[in-house]
Each structure stands twice: as structure tokens, then as C-alpha cells.
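Shown next: data18.cif, given as mmCIF, C-alpha atoms.
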```cif
data_entry
#
loop_
_atom_site.label_atom_id
_atom_site.label_comp_id
_atom_site.auth_asym_id
_atom_site.auth_seq_id
_atom_site.Cartn_x
_atom_site.Cartn_y
_atom_site.Cartn_z
CA MET A 668 -25.97 -24.64 19.36
CA SER A 669 -29.35 -25.62 17.92
CA VAL A 670 -29.72 -26.47 14.24
CA PRO A 671 -31.66 -23.73 12.40
CA ARG A 672 -34.97 -24.96 11.03
CA LEU A 673 -36.44 -23.47 7.87
CA PRO A 674 -40.11 -22.62 8.54
CA ASP A 675 -42.46 -24.68 6.39
CA GLU A 676 -44.08 -21.63 4.86
CA LYS A 677 -40.68 -20.46 3.60
CA ILE A 678 -39.66 -23.70 1.94
CA GLY A 679 -39.59 -23.45 -1.83
CA GLY A 680 -38.04 -26.08 -4.07
CA ARG A 681 -36.23 -29.08 -2.58
CA ILE A 682 -33.29 -30.49 -4.52
CA MET A 683 -31.15 -33.46 -3.44
CA ILE A 684 -27.47 -32.53 -3.77
CA GLY A 685 -24.72 -34.91 -2.70
CA GLY A 686 -26.97 -36.63 -0.17
CA HIS A 687 -28.19 -33.36 1.36
CA THR A 688 -31.49 -31.74 0.51
CA MET A 689 -31.07 -28.16 -0.71
CA ARG A 690 -34.10 -26.04 0.12
CA GLU A 691 -34.58 -22.89 -1.94
CA SER A 692 -36.89 -20.05 -1.02
CA VAL A 693 -37.39 -16.29 -1.16
CA LEU A 694 -37.47 -13.81 1.71
CA GLU A 695 -39.37 -10.53 1.37
CA ILE A 696 -37.41 -7.61 2.84
CA PRO A 697 -37.80 -3.84 2.44
CA GLY A 698 -37.12 -3.01 -1.20
CA ALA A 699 -36.16 -6.51 -2.30
CA ARG A 700 -36.88 -10.24 -2.47
CA LEU A 701 -33.85 -12.37 -1.59
CA ARG A 702 -33.40 -15.81 -3.08
CA TYR A 703 -31.63 -18.11 -0.65
CA ALA A 704 -30.81 -21.77 -0.18
CA VAL A 705 -30.20 -23.94 2.88
CA ARG A 706 -28.67 -27.39 3.03
CA GLY A 707 -26.84 -29.68 5.50
CA GLU A 708 -26.91 -30.16 9.27
CA GLY A 709 -25.07 -28.53 12.14
CA PRO A 710 -24.27 -24.94 13.16
CA LEU A 711 -25.46 -22.30 10.70
CA LEU A 712 -22.71 -21.19 8.31
CA LEU A 713 -23.49 -18.29 5.96
CA LEU A 714 -21.48 -18.03 2.74
CA VAL A 715 -21.31 -14.53 1.24
CA ALA A 716 -20.01 -14.60 -2.32
CA GLY A 717 -17.88 -11.97 -3.97
CA GLY A 718 -18.29 -10.11 -7.25
CA HIS A 719 -21.64 -10.69 -8.95
CA HIS A 720 -21.89 -14.26 -7.64
CA GLY A 721 -24.48 -15.86 -5.37
CA VAL A 722 -26.23 -19.16 -4.63
CA ASP A 723 -25.16 -21.01 -7.77
CA ALA A 724 -21.49 -20.00 -7.62
CA ASN A 725 -21.33 -20.96 -3.96
CA GLU A 726 -22.97 -24.35 -4.54
CA PRO A 727 -19.78 -26.46 -4.89
CA LEU A 728 -18.34 -24.98 -1.68
CA ALA A 729 -21.65 -25.41 0.14
CA ARG A 730 -21.84 -29.05 -0.94
CA HIS A 731 -18.44 -29.76 0.61
CA LEU A 732 -19.50 -28.13 3.88
CA ALA A 733 -22.98 -29.62 4.30
CA ASP A 734 -21.71 -32.64 6.25
CA ARG A 735 -20.81 -30.42 9.21
CA TYR A 736 -22.85 -27.23 8.86
CA THR A 737 -26.28 -25.97 7.96
CA VAL A 738 -25.04 -23.93 5.00
CA LEU A 739 -26.90 -20.79 3.98
CA THR A 740 -26.24 -19.09 0.63
CA TYR A 741 -28.09 -16.24 -1.04
CA ASP A 742 -28.17 -13.85 -4.00
CA ARG A 743 -27.63 -10.20 -3.15
CA ARG A 744 -30.48 -7.87 -4.03
CA GLY A 745 -30.66 -7.34 -7.80
CA LEU A 746 -28.46 -10.35 -8.63
CA TRP A 747 -29.58 -13.65 -10.17
CA GLY A 748 -32.73 -14.84 -8.39
CA SER A 749 -33.06 -11.83 -6.09
CA THR A 750 -35.02 -8.81 -7.25
CA THR A 751 -35.12 -5.24 -6.05
CA ASP A 752 -36.79 -1.92 -6.70
CA ALA A 753 -34.16 -0.20 -4.56
CA PRO A 754 -30.62 -1.25 -5.55
CA ALA A 755 -28.06 -1.12 -2.75
CA THR A 756 -25.76 1.88 -2.95
CA THR A 757 -23.92 1.17 0.31
CA LEU A 758 -22.48 -1.94 1.88
CA ALA A 759 -24.52 -1.21 5.00
CA THR A 760 -27.65 -2.00 2.96
CA HIS A 761 -26.21 -5.38 1.97
CA ALA A 762 -25.29 -6.05 5.60
CA ASP A 763 -28.82 -5.14 6.71
CA ASP A 764 -30.20 -7.58 4.11
CA VAL A 765 -28.01 -10.35 5.52
CA SER A 766 -29.11 -9.44 9.05
CA ARG A 767 -32.77 -9.85 8.08
CA LEU A 768 -32.03 -13.15 6.38
CA LEU A 769 -30.25 -14.52 9.45
CA ALA A 770 -33.01 -13.26 11.75
CA ALA A 771 -35.59 -15.17 9.69
CA LEU A 772 -33.70 -18.44 10.16
CA THR A 773 -32.09 -18.46 13.60
CA PRO A 774 -32.08 -16.50 16.87
CA GLU A 775 -28.45 -17.48 17.53
CA PRO A 776 -25.16 -16.01 16.28
CA ALA A 777 -24.02 -17.55 13.01
CA LEU A 778 -20.69 -18.53 11.51
CA VAL A 779 -19.84 -16.52 8.37
CA TYR A 780 -17.43 -16.99 5.49
CA GLY A 781 -17.22 -14.12 3.03
CA THR A 782 -14.84 -13.49 0.18
CA SER A 783 -13.85 -10.26 -1.59
CA LEU A 784 -16.91 -7.97 -1.59
CA GLY A 785 -18.67 -10.69 0.40
CA ALA A 786 -15.94 -10.46 3.02
CA LEU A 787 -16.40 -6.70 3.29
CA ILE A 788 -20.18 -7.18 3.66
CA SER A 789 -19.49 -9.81 6.33
CA LEU A 790 -17.28 -7.40 8.26
CA GLU A 791 -19.92 -4.67 7.97
CA LEU A 792 -22.48 -7.18 9.29
CA THR A 793 -20.17 -7.87 12.23
CA VAL A 794 -19.90 -4.15 12.96
CA GLY A 795 -23.57 -3.27 12.45
CA HIS A 796 -25.17 -6.41 13.89
CA PRO A 797 -22.56 -7.89 16.24
CA GLY A 798 -25.03 -10.09 18.09
CA GLN A 799 -25.73 -12.10 14.94
CA VAL A 800 -22.13 -13.15 14.24
CA ALA A 801 -20.21 -15.72 16.27
CA ALA A 802 -17.18 -15.87 13.99
CA VAL A 803 -16.35 -14.51 10.54
CA VAL A 804 -13.70 -15.56 8.06
CA ALA A 805 -12.98 -12.56 5.84
CA HIS A 806 -11.13 -13.72 2.72
CA GLU A 807 -9.35 -10.84 0.99
CA PRO A 808 -11.82 -8.07 1.88
CA PRO A 809 -11.18 -4.88 -0.15
CA VAL A 810 -10.64 -2.70 2.93
CA THR A 811 -8.80 -0.08 0.91
CA GLN A 812 -8.54 2.34 3.85
CA LEU A 813 -5.88 0.04 5.38
CA LEU A 814 -3.55 0.18 2.39
CA PRO A 815 -0.54 2.49 2.63
CA GLU A 816 -0.04 5.06 -0.09
CA PRO A 817 0.55 4.81 -2.99
CA ALA A 818 -0.94 1.27 -2.91
CA ARG A 819 -4.32 2.63 -1.83
CA ALA A 820 -4.43 5.11 -4.71
CA ARG A 821 -3.52 2.35 -7.18
CA ALA A 822 -6.25 0.05 -5.87
CA LEU A 823 -8.92 2.75 -6.01
CA GLY A 824 -7.67 3.72 -9.46
CA GLN A 825 -8.10 0.15 -10.70
CA LEU A 826 -11.68 0.05 -9.46
CA LEU A 827 -12.45 3.42 -11.04
CA THR A 828 -10.93 2.30 -14.36
CA VAL A 829 -13.18 -0.78 -14.38
CA GLU A 830 -16.21 1.46 -13.85
CA GLU A 831 -15.09 3.73 -16.69
CA ILE A 832 -14.63 0.77 -19.05
CA PHE A 833 -18.12 -0.40 -18.12
CA ARG A 834 -19.65 2.97 -18.96
CA ALA A 835 -17.74 3.23 -22.23
CA ARG A 836 -17.75 -0.36 -23.51
CA GLY A 837 -20.07 -2.48 -21.39
CA ALA A 838 -20.00 -5.12 -18.69
CA THR A 839 -18.04 -7.88 -20.44
CA PRO A 840 -14.79 -5.95 -21.07
CA ALA A 841 -15.10 -4.31 -17.66
CA MET A 842 -15.33 -7.66 -15.87
CA ARG A 843 -12.40 -8.96 -17.90
CA ARG A 844 -10.31 -5.99 -16.77
CA PHE A 845 -11.42 -6.52 -13.17
CA ALA A 846 -10.40 -10.19 -13.33
CA ALA A 847 -7.03 -9.28 -14.83
CA ASP A 848 -6.33 -6.63 -12.17
CA ILE A 849 -6.71 -9.15 -9.33
CA ASP A 850 -5.23 -12.02 -11.34
CA ILE A 851 -8.22 -14.37 -11.45
CA ASP A 852 -6.82 -17.62 -12.90
CA PRO A 853 -9.42 -20.30 -13.76
CA ALA A 854 -6.57 -22.72 -14.45
CA ASP A 855 -5.62 -22.61 -10.76
CA CYS A 856 -8.35 -25.12 -9.89
CA GLU A 857 -9.06 -28.57 -8.53
CA PRO A 858 -9.12 -31.32 -11.21
CA ASP A 859 -12.86 -32.02 -10.94
CA VAL A 860 -14.01 -28.38 -11.05
CA PRO A 861 -15.81 -27.77 -14.36
CA ALA A 862 -15.21 -24.65 -16.40
CA ARG A 863 -17.65 -21.92 -15.48
CA VAL A 864 -20.08 -21.02 -18.25
CA PRO A 865 -22.07 -17.76 -17.99
CA GLY A 866 -25.74 -18.57 -17.45
CA PRO A 867 -29.00 -16.63 -17.65
CA GLY A 868 -28.76 -13.48 -15.60
CA HIS A 869 -24.97 -13.26 -15.85
CA LEU A 870 -24.88 -10.01 -17.81
CA ARG A 871 -27.63 -8.34 -15.77
CA SER A 872 -25.95 -9.31 -12.50
CA ALA A 873 -22.59 -8.04 -13.72
CA GLU A 874 -24.20 -4.73 -14.67
CA VAL A 875 -25.75 -4.35 -11.21
CA HIS A 876 -22.40 -5.14 -9.61
CA LEU A 877 -20.53 -2.62 -11.76
CA THR A 878 -23.17 0.10 -11.41
CA HIS A 879 -23.68 -0.06 -7.66
CA ASP A 880 -21.22 -2.32 -5.82
CA LEU A 881 -17.87 -1.10 -7.15
CA PRO A 882 -18.63 2.56 -6.31
CA ALA A 883 -19.84 1.38 -2.89
CA ILE A 884 -16.51 -0.40 -2.29
CA ARG A 885 -14.56 2.74 -3.22
CA ALA A 886 -16.64 4.86 -0.85
CA HIS A 887 -16.81 2.42 2.04
CA VAL A 888 -15.00 3.05 5.31
CA LEU A 889 -15.05 0.17 7.77
CA ASP A 890 -15.43 1.15 11.44
CA MET A 891 -12.26 -0.47 12.76
CA THR A 892 -12.92 0.62 16.33
CA ALA A 893 -16.30 -1.13 16.33
CA LEU A 894 -14.81 -4.19 14.62
CA LYS A 895 -12.10 -4.49 17.27
CA GLY A 896 -14.77 -4.20 19.97
CA SER A 897 -17.07 -6.80 18.44
CA PRO A 898 -17.69 -9.99 20.44
CA ALA A 899 -17.31 -11.97 17.22
CA ARG A 900 -14.11 -13.80 16.35
CA VAL A 901 -12.70 -12.19 13.19
CA VAL A 902 -10.37 -14.31 11.03
CA PRO A 903 -8.59 -12.49 8.16
CA ALA A 904 -7.70 -14.86 5.31
CA ALA A 905 -6.00 -14.72 1.92
CA GLY A 906 -5.12 -16.98 -0.99
CA GLU A 907 -1.78 -18.75 -1.05
CA ASN A 908 -1.30 -17.68 -4.68
CA SER A 909 -2.50 -14.07 -4.47
CA GLY A 910 0.26 -12.37 -2.52
CA HIS A 911 0.97 -9.99 -5.41
CA VAL A 912 -2.53 -8.41 -5.58
CA TRP A 913 -3.88 -5.67 -3.35
CA PRO A 914 -6.88 -7.54 -1.80
CA HIS A 915 -4.35 -9.97 -0.29
CA THR A 916 -2.49 -6.99 1.16
CA CYS A 917 -5.77 -5.69 2.60
CA ALA A 918 -6.28 -9.00 4.41
CA ALA A 919 -2.73 -8.91 5.77
CA MET A 920 -3.18 -5.33 6.96
CA LEU A 921 -6.47 -6.29 8.62
CA ALA A 922 -4.74 -9.11 10.49
CA GLY A 923 -2.12 -6.65 11.66
CA GLU A 924 -4.76 -4.18 12.86
CA LEU A 925 -6.57 -6.92 14.80
CA GLY A 926 -3.40 -8.41 16.22
CA THR A 927 -4.12 -11.84 14.79
CA ARG A 928 -2.51 -14.04 12.17
CA LEU A 929 -3.45 -14.17 8.51
CA GLU A 930 -4.92 -17.57 7.59
CA THR A 931 -3.91 -18.94 4.20
CA PHE A 932 -6.46 -20.57 1.89
CA PRO A 933 -5.97 -22.54 -1.35
CA GLY A 934 -5.71 -20.78 -4.69
CA GLY A 935 -5.96 -17.09 -5.41
CA HIS A 936 -8.50 -14.35 -4.89
CA ASN A 937 -11.39 -16.54 -6.10
CA GLY A 938 -10.21 -19.77 -4.50
CA TYR A 939 -13.72 -20.53 -3.22
CA LEU A 940 -14.86 -20.92 -6.84
CA PHE A 941 -11.95 -22.89 -8.25
CA ARG A 942 -10.81 -24.81 -5.16
CA PRO A 943 -14.04 -25.49 -3.22
CA ARG A 944 -12.85 -28.75 -1.64
CA GLY A 945 -9.65 -27.22 -0.31
CA THR A 946 -11.49 -24.08 0.78
CA ALA A 947 -14.03 -26.20 2.69
CA GLU A 948 -11.22 -28.05 4.44
CA ARG A 949 -9.65 -24.77 5.54
CA ILE A 950 -13.00 -23.37 6.73
CA ARG A 951 -13.54 -26.48 8.86
CA ALA A 952 -10.00 -26.23 10.23
CA VAL A 953 -10.31 -22.53 11.07
CA LEU A 954 -13.86 -22.50 12.41
CA GLY A 955 -14.32 -26.02 13.71
CA SER A 956 -17.85 -27.30 14.28
CA ARG A 957 -18.81 -24.80 16.96
CA PRO A 958 -18.58 -21.00 17.31
#
```
Please rewrite the model in this file as C-alpha cells.
Amino acid sequence: MSVPRLPDEKIGGRIMIGGHTMRESVLEIPGARLRYAVRGEGPLLLLVAGGHHGVDANEPLARHLADRYTVLTYDRRGLWGSTTDAPATTLATHADDVSRLLAALTPEPALVYGTSLGALISLELTVGHPGQVAAVVAHEPPVTQLLPEPARARALGQLLTVEEIFRARGATPAMRRFAADIDIDPADCEPDVPARVPGPGHLRSAEVHLTHDLPAIRAHVLDMTALKGSPARVVPAAGENSGHVWPHTCAAMLAGELGTRLETFPGGHNGYLFRPRGTAERIRAVLGSRP
């Protein structure tokens, strides 16, 4: 597999990170401008973050992967360094954005690791643009349609409650409730991972996520027939410490539907943030260096 090359006209800032040059740029797409970053050498590996996260949140994980992969990260439209005049109201729009980003960088199928909402977007990419995905690791995708009742009703109810708190009290209490519902534990982290401090754009990005993405998750129905027929290798994954929350159950149900095993990753639902070194090791073990 050839190493993707970032066209010179698309190269923005260059930053040396851990011995690998990170190249930041912006891609113009219909209705939005996507900020993205590329670093490392090897097969292209796209990281799709969950929640309201993007390039910066994925940076520690990308740094640990850049010795084996050309790692691509990006901000979804409307979040952080990406702008939009047409916010995404469906996950298909996010998947189309990713498709355009991949098409701008490589003609070959890519490796993909997505977590939470990012995992659901990655699966939608695999369904809608199967020729662009060689293999996808879907870490705790909120595929609520696979949950048995009454677990499905409880999961959808939790998401709806978060949206209602947002409308009544704002983004900060809503995101706190969301984190509590899926048991996000910042203390479950690697020793050298610094505490996350909200930066510029945090509140705006959270508001976009709560306004558009959570309703899109509740409404989304993944085409399981198309997913099963995809030429891509689909790897359901879940955190070793998240067995008591419903996104973990979604991942387990997905593995059952696909007739494959559930791969276990370090930490909980947000292990990629708090355990990036261990997560990178598991990605390398599951995907290897080639599709």
C-alpha cells in the first residue's frame, strides 16, 4: 500500500511532534471547511473522535501510532477548527465529509479507528462508501437499534434527557450528565496523561454536539445488511472497564450480528483519551501494519 502524500497546496502549518512532523490544513467541502492533520509514515489510518472532540483530543493517540501509520485526524464540521454554514443533522453527512477528506488524500482504502459517535460515523462510512475502507475498528458505537428492550428505551431516554438538560440549563450540566450516564472516569488513565483542561472552542463545540449530533444518534438506523455485505473488515471493540454501560452492550451486540468476536481495549468508554498508549498498542495488534 502506498503512503498517502499531502499535496503541497494543502499543507498548512508544520509542527514537530515526537519526532514526526504534523501537517495541519483545511479542506473545503460543500457547506463546510474541515480542519485536519496528518503525521507519521505507513498505511493511512483515520481516527474519528467521539463526542465533541477532534484533532487536539486525538493527538496523544495519533502520536503513539505515527511510527507505523500515516495518521489522519480531523474536526467534524462546526467543531473546533472546522467551520460550517450547514450543520450536519444526519450521520450520513458526517460520513460524506470523511469520504471527501479521504478522497483528497489517497485513492486507496484506508484503515479507520472510530470511537463512540466516531465509531458510528465510521460504520456509516463503511456502508455508504465501502470502497474507501479496508478495515474499521468500531469502539463502542451507539448502535441503539441492536439493544434489546427495555435497554434500548433506557439508552434513548438517557440521550433525550441530556438534550433536555442542555435546552433548560446549558451545555456544561448537559455534558456532565452525559459523562455520568456512560461512566466517563478521568482517573482511569495512564500515569503520564495530563488532566484535560477545556480550551477555546470547548463550549461552542459542545453546543454543536448537543444541538445536532445527539438527536442524529437517536434517529440513526445503521444498514446492517449493507454492513454485513461490505468488503471491509469490521472489528467491534469495547473498553475492558465499561461492561456496565449501554455503548459496550451495543458493541457486543454488533459483534454477535457480524459473527465475530468483541475486541477488548484499555479503559472505559473514552479509553482513547485517557489510555492512548494502551489504545495504540491494541490498534496495532488488531489491525497490524497492512489492511
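With all atoms listed in the file as the atoms that count, the minimum distance from Leu894 in chain A to the choices A:Ala919, A:Ala838, A:Leu792, A:Leu877 is reached by A:Leu792.
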Inset, instruction - Find the residues around Asp734 in chain A up to 8 Å (all atoms listed in the file counted), leave out those fewer than 3 positions away in its own chain, and share them as a ChimeraX atom specification. - result: /A:707-709,731
Do you have, as JSON lines, the list of residues of range 882-948 of chain A lying at most 12 Å from range 776-780 of chain A, each with its nearest atom pair and that distance in Å to one decimal, counting only C-alpha atoms and ordered by chain then number?
```
{"residue": "A:Pro898", "atom": "CA", "partner": "A:Pro776", "partner_atom": "CA", "distance": 10.5}
{"residue": "A:Ala899", "atom": "CA", "partner": "A:Pro776", "partner_atom": "CA", "distance": 8.9}
{"residue": "A:Arg900", "atom": "CA", "partner": "A:Leu778", "partner_atom": "CA", "distance": 9.4}
{"residue": "A:Val901", "atom": "CA", "partner": "A:Val779", "partner_atom": "CA", "distance": 9.6}
{"residue": "A:Val902", "atom": "CA", "partner": "A:Tyr780", "partner_atom": "CA", "distance": 9.4}
{"residue": "A:Pro903", "atom": "CA", "partner": "A:Tyr780", "partner_atom": "CA", "distance": 10.3}
{"residue": "A:Ala904", "atom": "CA", "partner": "A:Tyr780", "partner_atom": "CA", "distance": 10.0}
{"residue": "A:Tyr939", "atom": "CA", "partner": "A:Tyr780", "partner_atom": "CA", "distance": 10.1}
{"residue": "A:Thr946", "atom": "CA", "partner": "A:Tyr780", "partner_atom": "CA", "distance": 10.4}
{"residue": "A:Ala947", "atom": "CA", "partner": "A:Tyr780", "partner_atom": "CA", "distance": 10.2}
```
Selection under test: the PyMOL selection byres ((chain A and resi 724) around 12); residues as an mmCIF file with C-alpha atoms, in the frame of the given file:
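Below is the file selection.cif, written as the result:
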```cif
data_model
loop_
_atom_site.group_PDB
_atom_site.id
_atom_site.type_symbol
_atom_site.label_atom_id
_atom_site.label_comp_id
_atom_site.auth_asym_id
_atom_site.auth_seq_id
_atom_site.Cartn_x
_atom_site.Cartn_y
_atom_site.Cartn_z
ATOM 1 C CA LEU A 714 -21.480 -18.030 2.740
ATOM 2 C CA VAL A 715 -21.310 -14.530 1.240
ATOM 3 C CA ALA A 716 -20.010 -14.600 -2.320
ATOM 4 C CA GLY A 717 -17.880 -11.970 -3.970
ATOM 5 C CA GLY A 718 -18.290 -10.110 -7.250
ATOM 6 C CA HIS A 719 -21.640 -10.690 -8.950
ATOM 7 C CA HIS A 720 -21.890 -14.260 -7.640
ATOM 8 C CA GLY A 721 -24.480 -15.860 -5.370
ATOM 9 C CA VAL A 722 -26.230 -19.160 -4.630
ATOM 10 C CA ASP A 723 -25.160 -21.010 -7.770
ATOM 11 C CA ASN A 725 -21.330 -20.960 -3.960
ATOM 12 C CA GLU A 726 -22.970 -24.350 -4.540
ATOM 13 C CA PRO A 727 -19.780 -26.460 -4.890
ATOM 14 C CA LEU A 728 -18.340 -24.980 -1.680
ATOM 15 C CA ALA A 729 -21.650 -25.410 0.140
ATOM 16 C CA ARG A 730 -21.840 -29.050 -0.940
ATOM 17 C CA THR A 740 -26.240 -19.090 0.630
ATOM 18 C CA TYR A 741 -28.090 -16.240 -1.040
ATOM 19 C CA ASP A 742 -28.170 -13.850 -4.000
ATOM 20 C CA LEU A 746 -28.460 -10.350 -8.630
ATOM 21 C CA TRP A 747 -29.580 -13.650 -10.170
ATOM 22 C CA VAL A 860 -14.010 -28.380 -11.050
ATOM 23 C CA PRO A 861 -15.810 -27.770 -14.360
ATOM 24 C CA ALA A 862 -15.210 -24.650 -16.400
ATOM 25 C CA ARG A 863 -17.650 -21.920 -15.480
ATOM 26 C CA VAL A 864 -20.080 -21.020 -18.250
ATOM 27 C CA PRO A 865 -22.070 -17.760 -17.990
ATOM 28 C CA GLY A 866 -25.740 -18.570 -17.450
ATOM 29 C CA HIS A 869 -24.970 -13.260 -15.850
ATOM 30 C CA ASN A 937 -11.390 -16.540 -6.100
ATOM 31 C CA GLY A 938 -10.210 -19.770 -4.500
ATOM 32 C CA TYR A 939 -13.720 -20.530 -3.220
ATOM 33 C CA LEU A 940 -14.860 -20.920 -6.840
ATOM 34 C CA PHE A 941 -11.950 -22.890 -8.250
ATOM 35 C CA ARG A 942 -10.810 -24.810 -5.160
ATOM 36 C CA PRO A 943 -14.040 -25.490 -3.220
#
```
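Restricting the calculation to all atoms listed in the file, the smallest distance between Val953 in chain A and any of A:Ile696, A:Leu929, A:Ala818, A:Met842 is found for A:Leu929.
Nearest-residue note for Arg821 in chain A: choosing from A:Phe833, A:Tyr736, A:Trp913, A:Phe845, the minimum distance belongs to A:Trp913, counting only C-alpha atoms.
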Inset, instruction - Run the PyMOL selection byres ((chain A and resi 906-912) around 7) mentally over the shown coordinates, then write out the matched residues as a list in words, using the chain letters and numbers from the document. - result: Ile849, Ala905, Trp913, Pro914, His915, Thr916, Thr931, Phe932, Pro933, Gly934, Gly935, His936 and Gly938 of chain A
Inset, instruction - Quick one: everything within 12 Å of Arg735 in chain A, counting all atoms listed in the file, minus sequence neighbours fewer than 5 positions away in the same chain. Send it as a PyMOL selection string. - result: chain A and resi 670+687+706-712+729-730+947-948+950-952+954-957
How about saving the chosen residues, C-alpha atoms kept, as a PDB file, in the coordinates of the input?
```pdb
ATOM      1  CA  VAL A 670     -29.720 -26.470  14.240  1.00  0.00           C
ATOM      2  CA  HIS A 687     -28.190 -33.360   1.360  1.00  0.00           C
ATOM      3  CA  ARG A 706     -28.670 -27.390   3.030  1.00  0.00           C
ATOM      4  CA  GLY A 707     -26.840 -29.680   5.500  1.00  0.00           C
ATOM      5  CA  GLU A 708     -26.910 -30.160   9.270  1.00  0.00           C
ATOM      6  CA  GLY A 709     -25.070 -28.530  12.140  1.00  0.00           C
ATOM      7  CA  PRO A 710     -24.270 -24.940  13.160  1.00  0.00           C
ATOM      8  CA  LEU A 711     -25.460 -22.300  10.700  1.00  0.00           C
ATOM      9  CA  LEU A 712     -22.710 -21.190   8.310  1.00  0.00           C
ATOM     10  CA  ALA A 729     -21.650 -25.410   0.140  1.00  0.00           C
ATOM     11  CA  ARG A 730     -21.840 -29.050  -0.940  1.00  0.00           C
ATOM     12  CA  ALA A 947     -14.030 -26.200   2.690  1.00  0.00           C
ATOM     13  CA  GLU A 948     -11.220 -28.050   4.440  1.00  0.00           C
ATOM     14  CA  ILE A 950     -13.000 -23.370   6.730  1.00  0.00           C
ATOM     15  CA  ARG A 951     -13.540 -26.480   8.860  1.00  0.00           C
ATOM     16  CA  ALA A 952     -10.000 -26.230  10.230  1.00  0.00           C
ATOM     17  CA  LEU A 954     -13.860 -22.500  12.410  1.00  0.00           C
ATOM     18  CA  GLY A 955     -14.320 -26.020  13.710  1.00  0.00           C
ATOM     19  CA  SER A 956     -17.850 -27.300  14.280  1.00  0.00           C
ATOM     20  CA  ARG A 957     -18.810 -24.800  16.960  1.00  0.00           C
TER      21      ARG A 957
END
```
Inset, instruction - Between CA of Arg700 in chain A and CA of Val810 in chain A, measure the distance and give it in Å to one decimal. - result: 27.8 Å
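With only C-alpha atoms as the atoms that count, the residue of A:Arg690, A:Ala918, A:Glu857, A:Gly824 with the shortest distance to Gly945 in chain A is A:Glu857.
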List every residue of range 790-809 of chain A that has an atom at most 10 Å from any atom of range 889-892 of chain A, and for each one report the closest atom pair and its distance in Å to one decimal, counting only C-alpha atoms, with rows sorted by chain and then by increasing residue number, as a tab-separated table.
```
residue	atom	partner	partner_atom	distance
A:Leu790	CA	A:Leu889	CA	7.9
A:Glu791	CA	A:Leu889	CA	6.9
A:Val794	CA	A:Asp890	CA	7.1
A:Gly795	CA	A:Asp890	CA	9.3
```
